[in-house]
Amino acid sequence: MISNKIYVGTDVGSSRTKVAILDPDKNLIGYSIKKSGTDFYARAEECLESSLKAARASREDIIKVISTGYGRKNVAYADGSRTEIGCHAKGCFLYFPEPITIVDIGGQDNKIIKLDAKGLRTGFKMNRKCAAGTGAFLEEMAARLDVPLEDMNDLASRSTDMIKLGSFCTVFSATEVLENIRNGKNITDIVKGVFYSIIKRIIEMDSLTEKVIMTGGVIANNPYLVKMAEELIAGKIFIPEHPQLTGAIGAALYAMENDK
Amino acid sequence: MAEEKKIVIRRLETAKDLGKFMAKYYYELDEASKTGKEKIAWCTSVGPAEILRGLGFLTYFPETHSAMLGTTRMATDLIPVANALGYSPEICSYLTADIGAFIEGVTPLAKVFKGIESVPKPDVLVYNTNQCRDVQDWFLWYGNKFNVPVVGVESYRNVPEVTEGHVTGIVKQLENLIEPLEKVAGRKFDMDEFKNAVKLSRECSDLWEKCLAAAASKPSPLTFFDGTTLMGPAVVGRGTQKALDVYHLLLDELNDRVEKGLGALEEEQYRIYWDGMPVWGRLSMHSKLFAGLKANVIASTYCSSWIFSALDENDPFGSMARAYTELFIVRADKFKEDYIKNKLDFFGIDGVVYHDARTCPNNTNCRYGLSQRLQEQTDIPFVTIDGDLNDLRCLSDEQTKTNIEAFIEQLEERK
């Protein structure tokens with residue numbers, strides 16, 4: 001046990017539930033990531049237990065809990081909730097305390113959040129009601145290509161002749177993928193095309209000004225996407241140490257703030 | 001889990017009087033439709049209603065009916081009926097919902113007003129395309145169905161400054177309506193009745209403007225969500241004394257609230273401007289969402305669209321042409337930018353919500369960079385929500401909620 005005071009952030013995303021535990025010095029001392037499934041309450045509970053164990057702490061040590069994410073109202077032990085927009089912003093600013101543009105690729109939606117030098121939001125955007133460019137799109141395409149989701153990053157990185165997918169729409173993109181399969185194109189080239197499509201959809205959402213930070217589970221599991229994004233914007237993109245946890249860390253920081 | 005506080009939204013007493021006004025209005029139309037004693041003209045929301053009054057027509061406004069299809073959440077099931085006829089899901093969901101309802105033989109009027117079974121039958125349909133081209137297509141469909149004449153005014157679009165050239169062109173079109181309308185009315189156009197209707201319309205507009213302006217008080221006695229239903233008489237009753245009578249009552253109640261410092265919400269920490277159409281099927285949900293965040297949506301472009309300050313009984317045709325061309329919806333973006341900027345200043349706004357309505361490009365003002373330009377000029381932040389006026393298939397409640405909550409958090413950080 002490092003400290004007897006801990007702050008908890010629980011991020012119940014559409015795909016994964018994440019819990020982050022911070023000590024009063026804002027050090028990440030425990031965390032847990034599990035599939036959200038259909039019982040958000042149970043998953044949030046399990047994640048808390050695992051992360052407490054990792055932090056060698058107990059429930060009595062918890063000063064405050066803030067929940068965030070799609071299932072933020074489904075966390076029985078939370079003292080309050082904040083949106084994932086606010087929590088991602090706060091979590092990222094902890095590691096990059098300067099004007100930044102955050103690009104978060106989540107399971108169900110994408111966000112672009114802009115922060116000024118004080119960490120205050122100057123604007124944000126979420127994708128429209130469409131899966132294009134999200135984790136859900138990647139899952140759909142993996143299923144179409146009959147390859148495990150976890151193999152996508154490796155396949156894309158081995159491509160030598162990328163296929164370009166032109167559509168905005170997941171359903172139309174799937175048709176394009178089928179067409180390329182029928183024409184005997186390499187699976188590696190198709191997967192790279194899928195990655196390119198994700199990056200394109202996100203970059204089209206807003207202008208990427210200031211230092212660009214990428215976060216989210218899709219980035220955490222597919223680092224090749226970052227390399228492609230860097231090529232596309234012809235600039236460096238920064239990734240926090242735990243890109244999938246920034247929302248949960250931000251929530252824990254809110255818990256700490258509200259306690260003072 | 002932290003306990004959520006009960007949301008208090010104070011309802012206006014005079015909403016009941018406005019409700020009675022609407023009931024009388026629809027019963028009068030129903031009676032005329034059943035007996036044929038009075039002629040009925042269907043008119044677009046900012047169509048030439050005053051001319052119709054000068055010919056003794058009762059006027060019925062299908063756009064208001066479509067809004068009711070939205071609020072009663074009937075629209076989403078009816079839109080596909082019109083889609084199947086070739087009216088795309090991408091065009092005005094007022095049009096598609098209304099035509100769908102007609103084909104299915106249903107109307108929210110029958111649910112709300114006992115004894116009314118259908119919309120009133122038109123003797124003529126009169127449009128002004130100042131709202132959009134869709135109203136023309138919409139009315140032509142009904143003209144064919146009922147085998148009655150369809151006449152109208154084809155307005156200018158994207159007008160930077162209203163010139164004499166614009167006014168002259170519209171005056172000519174308005175004057176050209178008289179003869180065909182006289183044939184339907186079976187009587188001569190009465191200039192005095194017409195002038196009186198223009199006078200009453202102007203008075204109605206002035207009163208409605210004062211009601212909306214009451215929201216500049218802190219806290220605001222009014223919400224945008226109240227306004228969307230309170231504006232009913234300003235749409236359907238303009239040019240009549242009865243509309244003035246109810247707005248006098250409303251203004252008195254609003255002034256009374258202002259004097260007492262009584263806000264529409266128990267707590268008003270953030271003052272929001274709404275640009276674009278309301279999401280009719282989500283009025284209550286959105287009202288509670290904002291109120292729960294201590295945010296009051298106090299002013300809007302939409303509710304202000306029935307203010308016609310140019311109307312002048314001494315120049316009835318010319319002033320109508322001017323008033324209906326000076327409208328926000330008809331104007332170029334520079335005018336729109338300045339207009340909204342003035343509203344943000346007048347009402348002391350903290351943030352702007354733009355509703356990007358999928359099927360209503362003409363009432364969606366955030367598609368050509370206006371929101372970004374205004375934020376740069378005013379430093380007032382904005383958020384855009386994707387949705388639609390009537391087609392609930394075009395929106396995600398969860399995403400709207402997250403966007404609005406995140407936006408209010410952003411405003412909180414700035415305070």
# chains A, B, ... in the order shown; residues from 1 in each chain; ligands from 1
>>> closest_atom_pairs(of="chain A", to="chain B", cutoff="10 Å", atoms="only C-alpha atoms", output="JSON lines")
{"residue": "A:Val65", "atom": "CA", "partner": "B:Met1", "partner_atom": "CA", "distance": 9.5}
{"residue": "A:Ile66", "atom": "CA", "partner": "B:Met1", "partner_atom": "CA", "distance": 9.7}
{"residue": "A:Ser67", "atom": "CA", "partner": "B:Met1", "partner_atom": "CA", "distance": 9.7}
{"residue": "A:Gly69", "atom": "CA", "partner": "B:Thr402", "partner_atom": "CA", "distance": 8.9}
{"residue": "A:Tyr70", "atom": "CA", "partner": "B:Glu398", "partner_atom": "CA", "distance": 8.0}
{"residue": "A:Lys73", "atom": "CA", "partner": "B:Met1", "partner_atom": "CA", "distance": 8.1}
{"residue": "A:Asn74", "atom": "CA", "partner": "B:Met1", "partner_atom": "CA", "distance": 8.6}
{"residue": "A:Val75", "atom": "CA", "partner": "B:Met1", "partner_atom": "CA", "distance": 7.0}
{"residue": "A:Ala76", "atom": "CA", "partner": "B:Met1", "partner_atom": "CA", "distance": 5.1}
{"residue": "A:Tyr77", "atom": "CA", "partner": "B:Met1", "partner_atom": "CA", "distance": 5.6}
{"residue": "A:Ala78", "atom": "CA", "partner": "B:Met1", "partner_atom": "CA", "distance": 5.1}
{"residue": "A:Asp79", "atom": "CA", "partner": "B:Ala2", "partner_atom": "CA", "distance": 5.0}
{"residue": "A:Gly80", "atom": "CA", "partner": "B:Ala2", "partner_atom": "CA", "distance": 5.6}
{"residue": "A:Ser81", "atom": "CA", "partner": "B:Ala2", "partner_atom": "CA", "distance": 8.6}
{"residue": "A:Arg82", "atom": "CA", "partner": "B:Ala406", "partner_atom": "CA", "distance": 7.8}
{"residue": "A:Thr83", "atom": "CA", "partner": "B:Ala406", "partner_atom": "CA", "distance": 5.6}
{"residue": "A:Glu84", "atom": "CA", "partner": "B:Ala406", "partner_atom": "CA", "distance": 7.8}
{"residue": "A:Ile85", "atom": "CA", "partner": "B:Ala406", "partner_atom": "CA", "distance": 6.0}
{"residue": "A:Gly86", "atom": "CA", "partner": "B:Ala406", "partner_atom": "CA", "distance": 6.3}
{"residue": "A:Cys87", "atom": "CA", "partner": "B:Ala406", "partner_atom": "CA", "distance": 9.6}
{"residue": "A:Asp109", "atom": "CA", "partner": "B:Gln399", "partner_atom": "CA", "distance": 9.0}
{"residue": "A:Gly119", "atom": "CA", "partner": "B:Glu413", "partner_atom": "CA", "distance": 9.7}
{"residue": "A:Leu120", "atom": "CA", "partner": "B:Glu413", "partner_atom": "CA", "distance": 6.8}
{"residue": "A:Arg121", "atom": "CA", "partner": "B:Gln410", "partner_atom": "CA", "distance": 6.1}
{"residue": "A:Thr122", "atom": "CA", "partner": "B:Pro381", "partner_atom": "CA", "distance": 7.2}
{"residue": "A:Gly123", "atom": "CA", "partner": "B:Pro381", "partner_atom": "CA", "distance": 7.0}
{"residue": "A:Phe124", "atom": "CA", "partner": "B:Val383", "partner_atom": "CA", "distance": 7.6}
{"residue": "A:Lys125", "atom": "CA", "partner": "B:Val383", "partner_atom": "CA", "distance": 7.7}
{"residue": "A:Met126", "atom": "CA", "partner": "B:Asn403", "partner_atom": "CA", "distance": 7.7}
{"residue": "A:Asn127", "atom": "CA", "partner": "B:Gln399", "partner_atom": "CA", "distance": 9.3}
{"residue": "A:Arg128", "atom": "CA", "partner": "B:Asp386", "partner_atom": "CA", "distance": 6.8}
{"residue": "A:Lys129", "atom": "CA", "partner": "B:Ser396", "partner_atom": "CA", "distance": 6.7}
>>> write_last_selection(atoms="N, CA, C and O atoms", output="CSV table (one decimal), in the first residue's frame")
chain,number,residue,atom,x,y,z
A,65,VAL,N,-15.1,8.5,-5.9
A,65,VAL,CA,-15.2,7.8,-7.2
A,65,VAL,C,-16.0,8.6,-8.1
A,65,VAL,O,-17.1,9.1,-7.8
A,66,ILE,N,-15.4,8.8,-9.3
A,66,ILE,CA,-16.2,9.5,-10.4
A,66,ILE,C,-16.3,8.5,-11.6
A,66,ILE,O,-15.3,7.9,-11.9
A,67,SER,N,-17.5,8.4,-12.1
A,67,SER,CA,-17.7,7.5,-13.2
A,67,SER,C,-17.8,8.3,-14.5
A,67,SER,O,-18.2,9.5,-14.5
A,69,GLY,N,-18.0,7.7,-19.2
A,69,GLY,CA,-18.3,6.8,-20.3
A,69,GLY,C,-19.8,6.5,-20.6
A,69,GLY,O,-20.6,7.0,-19.8
A,70,TYR,N,-20.0,5.7,-21.6
A,70,TYR,CA,-21.4,5.4,-22.0
A,70,TYR,C,-22.2,4.9,-20.9
A,70,TYR,O,-23.4,5.2,-20.8
A,73,LYS,N,-23.8,6.1,-15.7
A,73,LYS,CA,-24.9,6.1,-14.7
A,73,LYS,C,-25.1,4.7,-14.2
A,73,LYS,O,-26.0,4.4,-13.3
A,74,ASN,N,-24.3,3.7,-14.6
A,74,ASN,CA,-24.5,2.3,-14.2
A,74,ASN,C,-23.3,1.9,-13.2
A,74,ASN,O,-23.0,0.7,-13.2
A,75,VAL,N,-22.8,2.8,-12.5
A,75,VAL,CA,-21.7,2.4,-11.6
A,75,VAL,C,-22.3,2.7,-10.2
A,75,VAL,O,-22.4,3.8,-9.7
A,76,ALA,N,-22.6,1.6,-9.5
A,76,ALA,CA,-23.3,1.7,-8.2
A,76,ALA,C,-22.5,2.5,-7.2
A,76,ALA,O,-23.0,3.2,-6.3
A,77,TYR,N,-21.2,2.3,-7.2
A,77,TYR,CA,-20.3,2.8,-6.1
A,77,TYR,C,-19.8,4.3,-6.4
A,77,TYR,O,-19.0,4.8,-5.7
A,78,ALA,N,-20.2,4.9,-7.6
A,78,ALA,CA,-19.7,6.2,-7.9
A,78,ALA,C,-20.4,7.3,-7.1
A,78,ALA,O,-21.6,7.2,-6.7
A,79,ASP,N,-19.6,8.3,-6.8
A,79,ASP,CA,-20.1,9.5,-6.0
A,79,ASP,C,-20.7,10.5,-7.0
A,79,ASP,O,-21.4,11.4,-6.6
A,80,GLY,N,-20.3,10.4,-8.2
A,80,GLY,CA,-20.8,11.4,-9.2
A,80,GLY,C,-20.3,10.9,-10.6
A,80,GLY,O,-19.6,9.9,-10.7
A,81,SER,N,-20.7,11.7,-11.6
A,81,SER,CA,-20.2,11.3,-13.0
A,81,SER,C,-19.9,12.5,-13.8
A,81,SER,O,-20.4,13.6,-13.5
A,82,ARG,N,-19.0,12.3,-14.8
A,82,ARG,CA,-18.7,13.3,-15.7
A,82,ARG,C,-18.7,12.7,-17.1
A,82,ARG,O,-18.6,11.5,-17.2
A,83,THR,N,-18.8,13.5,-18.1
A,83,THR,CA,-18.8,12.9,-19.5
A,83,THR,C,-17.4,12.5,-19.8
A,83,THR,O,-16.4,13.0,-19.3
A,84,GLU,N,-17.4,11.6,-20.8
A,84,GLU,CA,-16.1,11.1,-21.3
A,84,GLU,C,-15.3,12.2,-21.9
A,84,GLU,O,-14.0,12.1,-22.0
A,85,ILE,N,-16.0,13.2,-22.5
A,85,ILE,CA,-15.3,14.3,-23.1
A,85,ILE,C,-14.4,15.0,-22.1
A,85,ILE,O,-13.2,15.2,-22.3
A,86,GLY,N,-15.0,15.3,-21.0
A,86,GLY,CA,-14.3,16.0,-19.9
A,86,GLY,C,-13.2,15.2,-19.3
A,86,GLY,O,-12.1,15.7,-19.1
A,87,CYS,N,-13.5,13.9,-19.1
A,87,CYS,CA,-12.5,13.0,-18.5
A,87,CYS,C,-11.3,12.8,-19.4
A,87,CYS,O,-10.1,12.7,-18.9
A,109,ASP,N,-17.8,5.5,-30.6
A,109,ASP,CA,-17.7,6.8,-31.1
A,109,ASP,C,-16.2,7.4,-31.1
A,109,ASP,O,-15.4,6.9,-30.4
A,119,GLY,N,-5.6,23.9,-20.1
A,119,GLY,CA,-6.3,22.7,-20.0
A,119,GLY,C,-7.8,22.9,-20.2
A,119,GLY,O,-8.6,21.9,-20.0
A,120,LEU,N,-8.3,24.1,-20.5
A,120,LEU,CA,-9.7,24.3,-20.7
A,120,LEU,C,-10.1,24.0,-22.1
A,120,LEU,O,-9.4,24.3,-23.0
A,121,ARG,N,-11.3,23.3,-22.2
A,121,ARG,CA,-11.7,23.0,-23.5
A,121,ARG,C,-12.1,24.2,-24.3
A,121,ARG,O,-12.9,25.0,-23.9
A,122,THR,N,-11.6,24.2,-25.5
A,122,THR,CA,-12.1,25.3,-26.4
A,122,THR,C,-13.1,24.8,-27.4
A,122,THR,O,-13.8,25.6,-28.1
A,123,GLY,N,-13.3,23.5,-27.5
A,123,GLY,CA,-14.3,22.9,-28.3
A,123,GLY,C,-14.1,21.4,-28.4
A,123,GLY,O,-13.1,20.9,-28.0
A,124,PHE,N,-15.2,20.7,-28.8
A,124,PHE,CA,-15.1,19.3,-29.0
A,124,PHE,C,-16.1,18.8,-30.1
A,124,PHE,O,-17.1,19.5,-30.3
A,125,LYS,N,-15.8,17.7,-30.6
A,125,LYS,CA,-16.8,17.1,-31.6
A,125,LYS,C,-16.8,15.6,-31.4
A,125,LYS,O,-15.8,15.0,-31.1
A,126,MET,N,-18.0,15.1,-31.5
A,126,MET,CA,-18.1,13.6,-31.6
A,126,MET,C,-18.5,13.2,-33.0
A,126,MET,O,-19.1,14.0,-33.7
A,127,ASN,N,-18.2,12.0,-33.4
A,127,ASN,CA,-18.7,11.6,-34.7
A,127,ASN,C,-20.2,11.5,-34.8
A,127,ASN,O,-20.9,11.5,-33.8
A,128,ARG,N,-20.7,11.6,-36.0
A,128,ARG,CA,-22.1,11.5,-36.1
A,128,ARG,C,-22.6,10.1,-35.9
A,128,ARG,O,-21.8,9.3,-35.5
A,129,LYS,N,-23.9,9.9,-36.1
A,129,LYS,CA,-24.4,8.6,-35.7
A,129,LYS,C,-24.0,7.5,-36.7
A,129,LYS,O,-24.8,7.0,-37.4
>>> residues_around(residues="B:Val184", least_positions_apart="2", cutoff="12 Å", atoms="only C-alpha atoms", output="number ranges by chain")
B: 38-41, 52, 55-57, 122-126, 148-151, 177-182, 186-189
>>> residues_around(residues="B:Gln269", least_positions_apart="6", cutoff="10 Å", atoms="only C-alpha atoms", output="list in words")
Lys218, Pro219, Ala291, Leu293, Lys294, Ala295, Asn296, Asp350, Ile408, Leu411, Glu412 and Lys415 of chain B
>>> write_last_selection(atoms="N, CA, C and O atoms", output="PDB file, in the first residue's frame")
ATOM      1  N   LYS B 218     -32.707  38.151 -16.037  1.00  0.00           N
ATOM      2  CA  LYS B 218     -31.986  37.081 -15.343  1.00  0.00           C
ATOM      3  C   LYS B 218     -32.605  36.866 -13.958  1.00  0.00           C
ATOM      4  O   LYS B 218     -32.576  37.803 -13.174  1.00  0.00           O
ATOM      5  N   PRO B 219     -33.188  35.748 -13.658  1.00  0.00           N
ATOM      6  CA  PRO B 219     -33.309  34.577 -14.522  1.00  0.00           C
ATOM      7  C   PRO B 219     -34.401  34.778 -15.564  1.00  0.00           C
ATOM      8  O   PRO B 219     -35.287  35.609 -15.377  1.00  0.00           O
ATOM      9  N   ALA B 291     -32.540  21.517 -18.017  1.00  0.00           N
ATOM     10  CA  ALA B 291     -32.910  22.000 -16.682  1.00  0.00           C
ATOM     11  C   ALA B 291     -32.121  21.250 -15.606  1.00  0.00           C
ATOM     12  O   ALA B 291     -31.679  21.845 -14.619  1.00  0.00           O
ATOM     13  N   LEU B 293     -29.249  20.249 -15.763  1.00  0.00           N
ATOM     14  CA  LEU B 293     -27.865  20.728 -15.754  1.00  0.00           C
ATOM     15  C   LEU B 293     -27.801  22.216 -15.380  1.00  0.00           C
ATOM     16  O   LEU B 293     -26.778  22.871 -15.562  1.00  0.00           O
ATOM     17  N   LYS B 294     -28.934  22.721 -14.899  1.00  0.00           N
ATOM     18  CA  LYS B 294     -29.074  24.136 -14.499  1.00  0.00           C
ATOM     19  C   LYS B 294     -28.827  25.070 -15.684  1.00  0.00           C
ATOM     20  O   LYS B 294     -28.303  26.179 -15.539  1.00  0.00           O
ATOM     21  N   ALA B 295     -29.165  24.588 -16.849  1.00  0.00           N
ATOM     22  CA  ALA B 295     -28.991  25.385 -18.058  1.00  0.00           C
ATOM     23  C   ALA B 295     -30.368  25.708 -18.616  1.00  0.00           C
ATOM     24  O   ALA B 295     -31.205  24.822 -18.739  1.00  0.00           O
ATOM     25  N   ASN B 296     -30.588  26.969 -18.916  1.00  0.00           N
ATOM     26  CA  ASN B 296     -31.863  27.354 -19.505  1.00  0.00           C
ATOM     27  C   ASN B 296     -31.644  27.767 -20.962  1.00  0.00           C
ATOM     28  O   ASN B 296     -30.857  28.679 -21.243  1.00  0.00           O
ATOM     29  N   ASP B 350     -24.411  32.241 -22.695  1.00  0.00           N
ATOM     30  CA  ASP B 350     -23.136  31.598 -22.331  1.00  0.00           C
ATOM     31  C   ASP B 350     -22.672  30.588 -23.376  1.00  0.00           C
ATOM     32  O   ASP B 350     -21.479  30.312 -23.486  1.00  0.00           O
ATOM     33  N   ILE B 408     -22.068  21.581 -21.203  1.00  0.00           N
ATOM     34  CA  ILE B 408     -22.319  22.331 -19.962  1.00  0.00           C
ATOM     35  C   ILE B 408     -21.094  22.226 -19.041  1.00  0.00           C
ATOM     36  O   ILE B 408     -20.716  23.197 -18.366  1.00  0.00           O
ATOM     37  N   LEU B 411     -18.786  24.808 -20.179  1.00  0.00           N
ATOM     38  CA  LEU B 411     -19.172  26.152 -19.721  1.00  0.00           C
ATOM     39  C   LEU B 411     -18.839  26.337 -18.237  1.00  0.00           C
ATOM     40  O   LEU B 411     -18.413  27.405 -17.810  1.00  0.00           O
ATOM     41  N   GLU B 412     -19.023  25.258 -17.490  1.00  0.00           N
ATOM     42  CA  GLU B 412     -18.724  25.295 -16.046  1.00  0.00           C
ATOM     43  C   GLU B 412     -17.245  25.612 -15.818  1.00  0.00           C
ATOM     44  O   GLU B 412     -16.890  26.411 -14.957  1.00  0.00           O
ATOM     45  N   LYS B 415     -16.461  29.310 -16.129  1.00  0.00           N
ATOM     46  CA  LYS B 415     -17.060  30.287 -15.198  1.00  0.00           C
ATOM     47  C   LYS B 415     -16.056  30.710 -14.136  1.00  0.00           C
ATOM     48  O   LYS B 415     -15.296  29.908 -13.652  1.00  0.00           O
TER      49      LYS B 415
END
>>> atom_distance(atom1="atom CA of B:Leu374", atom2="atom CA of B:Ala215")
21.4 Å
>>> closest_residue(among="A:Ala117, A:Ala54, A:Val8, A:Ala220", to="A:Asn153", atoms="only C-alpha atoms")
A:Ala220
>>> closest_atom_pairs(of="stretch 41-120 of chain B", to="stretch 13-36 of chain B", cutoff="9 Å", atoms="only C-alpha atoms", output="JSON lines")
{"residue": "B:Leu58", "atom": "CA", "partner": "B:Leu29", "partner_atom": "CA", "distance": 6.9}
{"residue": "B:Thr59", "atom": "CA", "partner": "B:Leu29", "partner_atom": "CA", "distance": 7.9}
{"residue": "B:Tyr60", "atom": "CA", "partner": "B:Leu29", "partner_atom": "CA", "distance": 7.5}
{"residue": "B:Leu109", "atom": "CA", "partner": "B:Tyr26", "partner_atom": "CA", "distance": 8.0}
{"residue": "B:Val112", "atom": "CA", "partner": "B:Ala23", "partner_atom": "CA", "distance": 8.7}
{"residue": "B:Phe113", "atom": "CA", "partner": "B:Ala23", "partner_atom": "CA", "distance": 6.9}
{"residue": "B:Gly115", "atom": "CA", "partner": "B:Tyr27", "partner_atom": "CA", "distance": 8.7}
{"residue": "B:Ile116", "atom": "CA", "partner": "B:Asp30", "partner_atom": "CA", "distance": 6.5}
{"residue": "B:Glu117", "atom": "CA", "partner": "B:Asp30", "partner_atom": "CA", "distance": 8.6}
{"residue": "B:Ser118", "atom": "CA", "partner": "B:Asp30", "partner_atom": "CA", "distance": 8.1}
{"residue": "B:Val119", "atom": "CA", "partner": "B:Asp30", "partner_atom": "CA", "distance": 7.4}
{"residue": "B:Pro120", "atom": "CA", "partner": "B:Ser33", "partner_atom": "CA", "distance": 5.1}
>>> select_by_dssp(residues="stretch 39-173 of chain B", states="helix (DSSP H, G or I)", output="count of residues only")
64
>>> atom_distance(atom1="atom CA of B:Leu265", atom2="atom CA of B:Lys6")
11.6 Å
>>> residues_around(residues="stretch 97-104 of chain A", least_positions_apart="6", cutoff="7 Å", atoms="only C-alpha atoms", output="list in words")
Asn110, Lys111, Ile112, Ile113, Lys114, Leu115, Asp116, Ala117, Gly119, Leu208, Thr209, Glu210, Lys211, Val212, Ile213, Met214, Thr215 and Gly216 of chain A
>>> residues_around(residues="B:Tyr324", least_positions_apart="6", cutoff="9 Å", atoms="only C-alpha atoms", output="PyMOL selection string")
chain B and resi 46-48+128+130+155+308+310+330
>>> write_last_selection(atoms="C-alpha atoms", output="mmCIF file, in the first residue's frame")
data_model
loop_
_atom_site.group_PDB
_atom_site.id
_atom_site.type_symbol
_atom_site.label_atom_id
_atom_site.label_comp_id
_atom_site.auth_asym_id
_atom_site.auth_seq_id
_atom_site.Cartn_x
_atom_site.Cartn_y
_atom_site.Cartn_z
ATOM 1 C CA VAL B 46 -44.914 32.338 -43.457
ATOM 2 C CA GLY B 47 -47.254 32.422 -46.422
ATOM 3 C CA PRO B 48 -49.454 35.411 -47.334
ATOM 4 C CA ASN B 128 -44.462 30.971 -50.057
ATOM 5 C CA ASN B 130 -39.424 31.608 -48.270
ATOM 6 C CA SER B 155 -39.200 33.811 -52.850
ATOM 7 C CA PHE B 308 -42.340 40.704 -38.834
ATOM 8 C CA ALA B 310 -41.699 45.619 -41.405
ATOM 9 C CA VAL B 330 -34.226 33.792 -46.586
#
>>> residues_around(residues="stretch 359-371 of chain B", least_positions_apart="4", cutoff="7 Å", atoms="only C-alpha atoms", output="PyMOL selection string")
chain B and resi 90-93+132+276-277+329+337+354-355+375+388
>>> write_last_selection(atoms="C-alpha atoms", output="PDB file, in the first residue's frame")
ATOM      1  CA  GLU B  90     -33.562  12.968 -46.889  1.00  0.00           C
ATOM      2  CA  ILE B  91     -36.197  15.646 -47.663  1.00  0.00           C
ATOM      3  CA  CYS B  92     -38.347  17.627 -45.215  1.00  0.00           C
ATOM      4  CA  SER B  93     -39.773  15.291 -42.585  1.00  0.00           C
ATOM      5  CA  CYS B 132     -37.967  26.087 -48.600  1.00  0.00           C
ATOM      6  CA  GLY B 276     -32.274  25.385 -35.693  1.00  0.00           C
ATOM      7  CA  MET B 277     -35.500  23.470 -35.421  1.00  0.00           C
ATOM      8  CA  ILE B 329     -34.315  31.929 -43.263  1.00  0.00           C
ATOM      9  CA  GLU B 337     -24.153  35.787 -38.362  1.00  0.00           C
ATOM     10  CA  TYR B 354     -26.792  24.215 -33.126  1.00  0.00           C
ATOM     11  CA  HIS B 355     -29.258  21.554 -34.154  1.00  0.00           C
ATOM     12  CA  GLN B 375     -17.277  31.570 -31.877  1.00  0.00           C
ATOM     13  CA  ASP B 388     -34.096  15.984 -36.934  1.00  0.00           C
TER      14      ASP B 388
END
>>> residues_around(residues="B:Phe346", least_positions_apart="2", cutoff="12 Å", atoms="only C-alpha atoms", output="number ranges by chain")
B: 212-218, 271, 273, 298-300, 339-344, 348-350
>>> write_last_selection(atoms="C-alpha atoms", output="PDB file, in the first residue's frame")
ATOM      1  CA  LEU B 212     -39.521  36.591 -26.290  1.00  0.00           C
ATOM      2  CA  ALA B 213     -37.528  39.629 -25.149  1.00  0.00           C
ATOM      3  CA  ALA B 214     -38.668  38.983 -21.561  1.00  0.00           C
ATOM      4  CA  ALA B 215     -36.169  36.111 -21.589  1.00  0.00           C
ATOM      5  CA  ALA B 216     -33.358  38.695 -21.448  1.00  0.00           C
ATOM      6  CA  SER B 217     -34.119  39.064 -17.730  1.00  0.00           C
ATOM      7  CA  LYS B 218     -31.986  37.081 -15.343  1.00  0.00           C
ATOM      8  CA  ARG B 271     -28.022  30.713 -20.534  1.00  0.00           C
ATOM      9  CA  TYR B 273     -29.182  29.943 -27.355  1.00  0.00           C
ATOM     10  CA  ILE B 298     -33.760  30.970 -23.272  1.00  0.00           C
ATOM     11  CA  ALA B 299     -33.713  32.159 -26.864  1.00  0.00           C
ATOM     12  CA  SER B 300     -33.710  30.790 -30.371  1.00  0.00           C
ATOM     13  CA  TYR B 339     -28.452  38.445 -36.332  1.00  0.00           C
ATOM     14  CA  ILE B 340     -27.364  35.623 -34.020  1.00  0.00           C
ATOM     15  CA  LYS B 341     -24.513  37.737 -32.649  1.00  0.00           C
ATOM     16  CA  ASN B 342     -27.014  40.422 -31.620  1.00  0.00           C
ATOM     17  CA  LYS B 343     -29.212  37.819 -29.958  1.00  0.00           C
ATOM     18  CA  LEU B 344     -26.260  36.364 -28.019  1.00  0.00           C
ATOM     19  CA  GLY B 348     -26.555  37.395 -22.251  1.00  0.00           C
ATOM     20  CA  ILE B 349     -25.824  33.950 -23.686  1.00  0.00           C
ATOM     21  CA  ASP B 350     -23.136  31.598 -22.331  1.00  0.00           C
TER      22      ASP B 350
END
>>> select_by_dssp(residues="stretch 123-195 of chain A", states="strand (DSSP E or B)", output="list in words")
Gly123, Phe124, Lys125 and Met126 of chain A
>>> atom_distance(atom1="atom CA of B:Ile103", atom2="atom CA of B:Gly70")
16.7 Å
>>> closest_residue(among="B:Phe328, B:Phe146, B:Phe347, B:Phe194", to="B:Tyr270", atoms="only C-alpha atoms")
B:Phe347
>>> closest_residue(among="A:Asp146, A:Glu241, A:Glu257, A:Glu139", to="A:Phe96", atoms="only C-alpha atoms")
A:Glu241
